[in-house]
file start-v1.cif (mmCIF, C-alpha atoms)
data_my_file
loop_
_atom_site.label_atom_id
_atom_site.label_comp_id
_atom_site.auth_asym_id
_atom_site.auth_seq_id
_atom_site.Cartn_x
_atom_site.Cartn_y
_atom_site.Cartn_z
CA MET P 267 110.10 53.59 -141.84
CA ALA P 268 111.43 57.13 -142.05
CA THR P 269 109.75 59.73 -144.24
CA ALA P 270 112.89 61.89 -144.52
CA VAL P 271 116.50 60.70 -144.52
CA PHE P 272 119.29 63.06 -143.47
CA CYS P 273 122.95 62.25 -144.05
CA GLY P 274 125.97 64.15 -142.82
CA LEU P 275 127.69 65.75 -139.89
CA THR P 276 126.88 65.48 -136.20
CA THR P 277 128.92 67.36 -133.60
CA LEU P 278 128.55 68.34 -129.99
CA ASP P 279 128.51 72.12 -129.53
CA ILE P 280 129.69 73.95 -126.45
CA THR P 281 128.19 77.42 -126.70
CA GLN P 282 129.35 80.35 -124.58
CA ARG P 283 127.33 83.55 -124.49
CA VAL P 284 129.58 86.61 -124.30
CA GLU P 285 129.17 90.36 -124.50
CA ARG P 286 131.66 90.36 -127.34
CA VAL P 287 134.26 88.07 -128.89
CA PRO P 288 137.53 88.37 -126.92
CA ARG P 289 140.61 89.99 -128.40
CA GLU P 290 143.92 88.15 -128.71
CA ASN P 291 145.31 87.05 -125.32
CA GLU P 292 142.21 88.37 -123.55
CA LYS P 293 140.22 86.38 -120.98
CA ILE P 294 136.54 87.23 -120.54
CA VAL P 295 133.69 85.90 -118.40
CA SER P 296 130.90 83.91 -120.04
CA LEU P 297 127.31 85.06 -119.55
CA GLY P 298 126.03 81.50 -119.94
CA THR P 299 126.95 78.09 -121.29
CA ALA P 300 125.01 75.42 -123.17
CA VAL P 301 125.88 71.98 -124.51
CA ASP P 302 123.82 70.64 -127.41
CA VAL P 303 124.01 68.66 -130.64
CA GLY P 304 125.35 70.50 -133.66
CA GLY P 305 126.13 69.75 -137.29
CA PRO P 306 123.95 70.68 -140.28
CA ALA P 307 122.46 67.23 -140.96
CA ALA P 308 121.82 66.41 -137.31
CA ASN P 309 120.17 69.73 -136.54
CA ALA P 310 118.12 69.70 -139.74
CA ALA P 311 116.83 66.26 -138.73
CA ARG P 312 115.89 67.58 -135.29
CA VAL P 313 113.98 70.45 -136.88
CA ALA P 314 112.16 68.14 -139.29
CA ALA P 315 111.25 65.82 -136.41
CA ALA P 316 109.84 68.80 -134.50
CA PHE P 317 107.74 69.55 -137.60
CA GLY P 318 106.20 66.10 -137.19
CA VAL P 319 108.16 64.20 -139.84
CA SER P 320 109.59 60.73 -139.20
CA CYS P 321 113.36 61.10 -139.62
CA GLN P 322 116.39 58.89 -140.06
CA LEU P 323 119.92 60.26 -139.63
CA ILE P 324 122.93 58.59 -141.25
CA THR P 325 126.03 59.94 -139.54
CA LEU P 326 129.22 59.17 -137.62
CA LEU P 327 128.91 58.96 -133.83
CA GLY P 328 131.00 56.21 -132.24
CA ASN P 329 131.34 55.22 -128.59
CA SER P 330 133.12 58.18 -127.01
CA VAL P 331 131.57 60.04 -124.08
CA LEU P 332 130.77 62.99 -126.35
CA ALA P 333 129.16 60.72 -128.96
CA LYS P 334 126.97 59.10 -126.31
CA ILE P 335 125.70 62.51 -125.22
CA ALA P 336 124.88 63.40 -128.83
CA ARG P 337 123.15 60.05 -129.39
CA ASN P 338 120.98 60.54 -126.32
CA ILE P 339 119.88 63.99 -127.48
CA LEU P 340 119.10 62.76 -130.99
CA GLU P 341 117.19 59.69 -129.83
CA ASN P 342 115.17 61.83 -127.41
CA SER P 343 114.23 63.93 -130.44
CA GLY P 344 112.66 60.83 -131.98
CA ILE P 345 115.32 60.34 -134.66
CA ASP P 346 116.30 56.90 -135.93
CA ILE P 347 120.12 56.77 -136.14
CA ILE P 348 122.34 54.77 -138.47
CA ASP P 349 125.83 55.16 -137.03
CA LEU P 350 128.57 54.33 -139.53
CA ALA P 351 131.48 55.31 -137.27
CA ALA P 352 134.40 52.89 -137.08
CA ASP P 353 136.39 55.06 -134.67
CA SER P 354 135.81 57.25 -131.61
CA ASP P 355 137.08 60.59 -132.95
CA PHE P 356 133.80 62.43 -132.40
CA PRO P 357 133.97 66.15 -133.32
CA LEU P 358 133.47 68.94 -130.82
CA SER P 359 132.60 72.52 -131.78
CA THR P 360 133.18 75.66 -129.72
CA VAL P 361 130.75 78.51 -130.31
CA LEU P 362 130.77 82.11 -129.08
CA VAL P 363 127.50 84.06 -129.32
CA ASP P 364 127.65 87.81 -128.67
CA ASN P 365 124.98 90.25 -127.49
CA ALA P 366 123.95 91.04 -131.08
CA GLY P 367 123.24 87.37 -131.77
CA GLY P 368 126.29 86.96 -134.00
CA ARG P 369 128.31 83.78 -133.65
CA SER P 370 131.89 82.64 -134.07
CA VAL P 371 132.48 78.91 -134.51
CA ILE P 372 135.52 76.66 -134.22
CA SER P 373 134.52 73.27 -135.67
CA GLN P 374 136.44 70.04 -136.08
CA ASN P 375 133.98 68.45 -138.54
CA ASN P 376 134.93 64.92 -139.70
CA PRO P 377 138.60 65.07 -140.74
CA GLY P 378 139.62 61.63 -141.96
CA ARG P 379 137.23 59.66 -139.74
CA ALA P 380 136.94 55.93 -140.41
CA TYR P 381 133.49 54.63 -141.22
CA GLN P 382 131.80 51.40 -142.14
CA LYS P 383 130.46 50.51 -145.55
CA PHE P 384 126.71 50.26 -145.62
CA SER P 385 123.77 49.32 -147.78
CA LEU P 386 120.47 51.13 -147.32
CA ASP P 387 117.28 50.45 -149.20
CA LEU P 388 115.47 53.73 -149.79
CA GLY P 389 112.00 52.31 -149.29
CA SER P 390 108.70 53.54 -150.66
CA ASP P 391 107.92 55.53 -147.49
CA ILE P 392 110.87 57.88 -147.98
CA LYS P 393 109.74 61.18 -149.46
CA VAL P 394 112.99 63.17 -149.39
CA LEU P 395 116.75 62.87 -148.84
CA GLU P 396 118.81 65.73 -147.38
CA VAL P 397 122.62 65.88 -147.60
CA ASP P 398 125.10 68.45 -146.30
CA GLY P 399 128.35 67.71 -148.20
CA HIS P 400 129.96 65.91 -145.26
CA LEU P 401 130.42 62.13 -145.46
CA LEU P 402 130.62 62.59 -149.22
CA ASP P 403 131.06 58.98 -150.40
CA VAL P 404 127.96 57.87 -148.53
CA GLN P 405 125.94 60.85 -149.77
CA ILE P 406 126.84 60.14 -153.39
CA GLN P 407 125.67 56.55 -152.96
CA LEU P 408 122.42 57.68 -151.37
CA ALA P 409 121.81 60.39 -153.97
CA ARG P 410 122.22 57.97 -156.85
CA ALA P 411 119.78 55.56 -155.22
CA ALA P 412 117.34 58.43 -154.63
CA GLN P 413 117.61 59.53 -158.27
CA ILE P 414 116.56 56.08 -159.46
CA LYS P 415 113.42 56.28 -157.31
CA ASN P 416 112.70 59.95 -158.13
CA ILE P 417 113.14 60.95 -154.49
CA PRO P 418 113.90 64.69 -154.11
CA ILE P 419 117.44 65.38 -152.92
CA VAL P 420 117.86 68.54 -150.83
CA PHE P 421 121.35 70.00 -150.52
CA ASP P 422 122.50 72.09 -147.56
CA GLY P 423 125.32 74.13 -149.08
CA GLY P 424 126.81 75.96 -146.13
CA SER P 425 130.26 76.14 -147.68
CA TRP P 426 132.17 74.49 -150.51
CA LYS P 427 133.85 71.25 -149.48
CA ALA P 428 136.28 68.99 -151.30
CA GLY P 429 134.21 66.84 -153.64
CA SER P 430 131.12 69.06 -153.62
CA GLY P 431 131.29 69.20 -157.40
CA VAL P 432 130.54 65.47 -157.61
CA LEU P 433 127.28 65.96 -155.72
CA LEU P 434 126.00 68.90 -157.76
CA PRO P 435 124.66 66.92 -160.76
CA LEU P 436 122.80 64.53 -158.45
CA LEU P 437 120.73 67.12 -156.57
CA SER P 438 117.21 68.45 -157.05
CA HIS P 439 116.61 71.15 -154.42
CA VAL P 440 119.68 73.24 -153.61
CA ILE P 441 119.78 75.84 -150.85
CA ILE P 442 123.16 77.48 -150.35
CA SER P 443 124.44 80.23 -148.09
CA ALA P 444 126.29 83.34 -149.15
CA ASP P 445 129.49 81.56 -148.07
CA PHE P 446 129.04 78.75 -150.61
CA GLN P 447 131.31 79.60 -153.52
CA VAL P 448 132.21 77.37 -156.45
CA PRO P 449 136.02 77.57 -156.86
CA ASP P 450 137.31 79.74 -159.71
CA CYS P 451 133.80 81.04 -160.35
CA THR P 452 132.77 84.70 -160.28
CA ASP P 453 129.01 84.02 -160.00
CA THR P 454 128.16 80.85 -158.09
CA PHE P 455 124.39 81.31 -158.40
CA ALA P 456 124.58 81.67 -162.19
CA GLU P 457 126.87 78.63 -162.35
CA LEU P 458 124.41 76.50 -160.39
CA LYS P 459 121.50 77.63 -162.55
CA ARG P 460 123.06 75.62 -165.36
CA TYR P 461 121.94 72.44 -163.58
CA GLN P 462 118.31 73.53 -163.92
CA TYR P 463 117.37 72.38 -160.44
CA PRO P 464 113.63 72.37 -159.70
CA LEU P 465 114.58 74.81 -156.93
CA LEU P 466 117.78 76.76 -156.35
CA ALA P 467 118.00 79.27 -153.50
CA GLN P 468 120.68 81.29 -151.74
CA SER P 469 120.36 82.90 -148.33
CA PHE P 470 122.06 86.11 -147.18
CA GLY P 471 121.43 86.34 -143.45
CA ASP P 472 118.60 88.79 -142.78
CA GLN P 473 118.44 89.89 -146.42
CA PRO P 474 115.94 88.43 -148.94
CA VAL P 475 116.59 84.91 -150.19
CA ARG P 476 117.31 84.62 -153.91
CA GLY P 477 115.55 81.81 -155.76
CA ASN P 478 115.24 80.23 -159.18
CA TYR P 479 113.16 77.55 -160.86
CA ALA P 480 114.70 75.14 -163.36
CA GLY P 481 117.43 77.54 -164.49
CA SER P 482 114.98 80.14 -165.82
CA ALA P 483 116.26 83.58 -166.72
CA ALA P 484 114.02 85.24 -164.13
CA ASP P 485 114.91 84.82 -160.45
CA PHE P 486 112.56 85.47 -157.54
CA THR P 487 113.09 86.64 -153.97
CA VAL P 488 111.66 85.55 -150.64
CA PRO P 489 111.59 88.27 -147.96
CA VAL P 490 113.04 87.47 -144.55
CA PRO P 491 110.81 88.51 -141.63
CA GLN P 492 112.63 91.07 -139.53
CA VAL P 493 113.15 90.08 -135.91
CA THR P 494 115.40 91.05 -133.03
CA PRO P 495 117.96 88.23 -133.05
CA GLN P 496 119.18 86.63 -129.86
CA ASP P 497 121.22 83.85 -131.47
CA THR P 498 121.81 83.21 -135.18
CA LEU P 499 123.56 79.89 -134.62
CA GLY P 500 121.62 77.10 -136.32
CA ALA P 501 119.38 79.36 -138.42
CA GLY P 502 120.65 77.72 -141.60
CA ASP P 503 119.94 74.29 -140.14
CA VAL P 504 116.39 75.39 -139.36
CA LEU P 505 116.00 76.64 -142.94
CA HIS P 506 117.04 73.28 -144.40
CA GLY P 507 115.27 71.14 -141.83
CA ALA P 508 111.98 73.00 -142.17
CA PHE P 509 112.18 73.00 -145.96
CA THR P 510 112.88 69.25 -146.05
CA ALA P 511 110.04 68.54 -143.64
CA LEU P 512 107.56 70.60 -145.65
CA LEU P 513 108.68 68.98 -148.89
CA ALA P 514 108.13 65.58 -147.26
CA LYS P 515 104.58 66.72 -146.47
CA ASN P 516 104.00 67.31 -150.21
CA ILE P 517 104.03 71.09 -149.94
CA ASP P 518 105.23 72.74 -153.16
CA ALA P 519 108.83 73.93 -153.20
CA LYS P 520 108.25 77.69 -153.23
CA THR P 521 105.72 77.57 -150.41
CA ALA P 522 108.05 75.28 -148.47
CA LEU P 523 110.93 77.70 -149.01
CA THR P 524 108.86 80.71 -147.92
CA GLN P 525 107.68 78.97 -144.75
CA ALA P 526 111.18 77.66 -144.03
CA VAL P 527 112.64 81.17 -144.33
CA THR P 528 110.09 82.38 -141.79
CA ALA P 529 110.97 79.50 -139.47
CA ALA P 530 114.71 80.23 -139.76
CA SER P 531 114.17 83.91 -138.99
CA ARG P 532 111.96 83.12 -136.00
CA SER P 533 114.52 80.66 -134.63
CA THR P 534 117.02 83.50 -134.11
CA GLU P 535 114.72 84.99 -131.46
CA PHE P 536 115.59 82.09 -129.14
CA LEU P 537 118.78 81.43 -127.21
CA GLY P 538 119.82 78.14 -128.79
CA LEU P 539 118.08 75.63 -131.01
CA LEU P 540 116.43 73.60 -128.24
CA PRO P 541 114.10 76.39 -126.99
CA TYR P 542 113.01 77.00 -130.60
CA LEU P 543 112.29 73.31 -131.13
CA GLU P 544 110.26 73.24 -127.93
CA SER P 545 108.23 76.21 -129.19
CA ILE P 546 107.32 74.31 -132.37
CA LYS P 547 105.99 71.34 -130.42
CA GLN P 548 103.70 73.47 -128.27
#
call {"tool": "encode", "arguments": {"input": "start-v1.cif", "output": "structure tokens"}}
result
Amino acid sequence: MATAVFCGLTTLDITQRVERVPRENEKIVSLGTAVDVGGPAANAARVAAAFGVSCQLITLLGNSVLAKIARNILENSGIDIIDLAADSDFPLSTVLVDNAGGRSVISQNNPGRAYQKFSLDLGSDIKVLEVDGHLLDVQIQLARAAQIKNIPIVFDGGSWKAGSGVLLPLLSHVIISADFQVPDCTDTFAELKRYQYPLLAQSFGDQPVRGNYAGSAADFTVPVPQVTPQDTLGAGDVLHGAFTALLAKNIDAKTALTQAVTAASRSTEFLGLLPYLESIKQ
């Protein structure tokens, strides 16, 4: 039985390394190409598995050629997959990574994909649930089941998505990016503090992470180790995957956050997520 359950988006990423992002109507030569799994939930699960946690991923794959490649990568990472796809419209992402490690992403996500209804018993072995805002109906069902059993619910808030507001009251540990903005709200962090989450945190790239406990007036910061980045793609997924894995190992939330921030920063020193994952296993 899995120790950590992840639910959300899986994609296949085609990454091209370039000196710089091309201008309009410009053709440039790639410095290198890689094909790997993407998506916040899928990558977070891969990171947690590399940290030695037994992981289950609830996602949409299907039977397309691209989906089969993604499934093979995930299964080779030791992840148990529950595939709810009822179609073959598997999403592909195109990523450009420049010499400074910055990335530009064109992502299809899961627009209107058909999926099967499911029933999952969150057994006694499950220590934590992580959701990313994709596959919202399923995540709400899982979060409500987790609440009943007092299972921590980690939220990967990369950006606001339709329906995100329904998830917010169900969560316990919320880590958002600077891009996550509650609509019609001038201070998203202050707005989320109203929920009095056991842990609320917001990342800002290479700047210190802002944190809060239980909606208290006083915030705290977690410094980000300074590195020379090669590739920032997937750093947020590492942050959430490492945090979820450490929480599953009964490490307290602030220590888990601090160690996860270090892991996310270190991951940017590698060209792609796979070399970083291999470094963890060594």
call {"tool": "closest_residue", "arguments": {"input": "start-v1.cif", "among": "P:Arg312, P:Lys547, P:His400, P:Arg476", "to": "Ile442 of chain P", "atoms": "all atoms listed in the file"}}
result
P:Arg476
call {"tool": "resolve_selection", "arguments": {"input": "start-v1.cif", "expression": "the PyMOL selection byres ((chain P and resi 472) around 8)", "output": "list of chain:residue names"}}
result
P:Phe470, P:Gly471, P:Gln473, P:Pro474, P:Val490, P:Pro491, P:Gln492, P:Ser531
call {"tool": "atom_distance", "arguments": {"input": "start-v1.cif", "atom1": "atom CA of Gly389 of chain P", "atom2": "atom CA of Ala522 of chain P"}}
result
23.3 Å
call {"tool": "atom_distance", "arguments": {"input": "start-v1.cif", "atom1": "atom CA of Gln525 of chain P", "atom2": "atom CA of Leu408 of chain P"}}
result
26.7 Å
call {"tool": "resolve_selection", "arguments": {"input": "start-v1.cif", "expression": "the PyMOL selection byres ((chain P and resi 443-446) around 10)", "output": "list in words"}}
result
Asp422, Gly423, Gly424, Ser425, Trp426, Lys427, Ile441, Ile442, Gln447, Val448, Pro449, Thr454, Phe455, Ala467, Gln468, Ser469, Phe470, Gly471, Val475 and Gly502 of chain P
call {"tool": "resolve_selection", "arguments": {"input": "start-v1.cif", "expression": "the PyMOL selection byres ((chain P and resi 530) around 7)", "output": "PyMOL selection string"}}
result
chain P and resi 501-502+504-505+526-529+531-534
call {"tool": "atom_distance", "arguments": {"input": "start-v1.cif", "atom1": "atom CA of Ser370 of chain P", "atom2": "atom CA of Ala316 of chain P"}}
result
26.0 Å
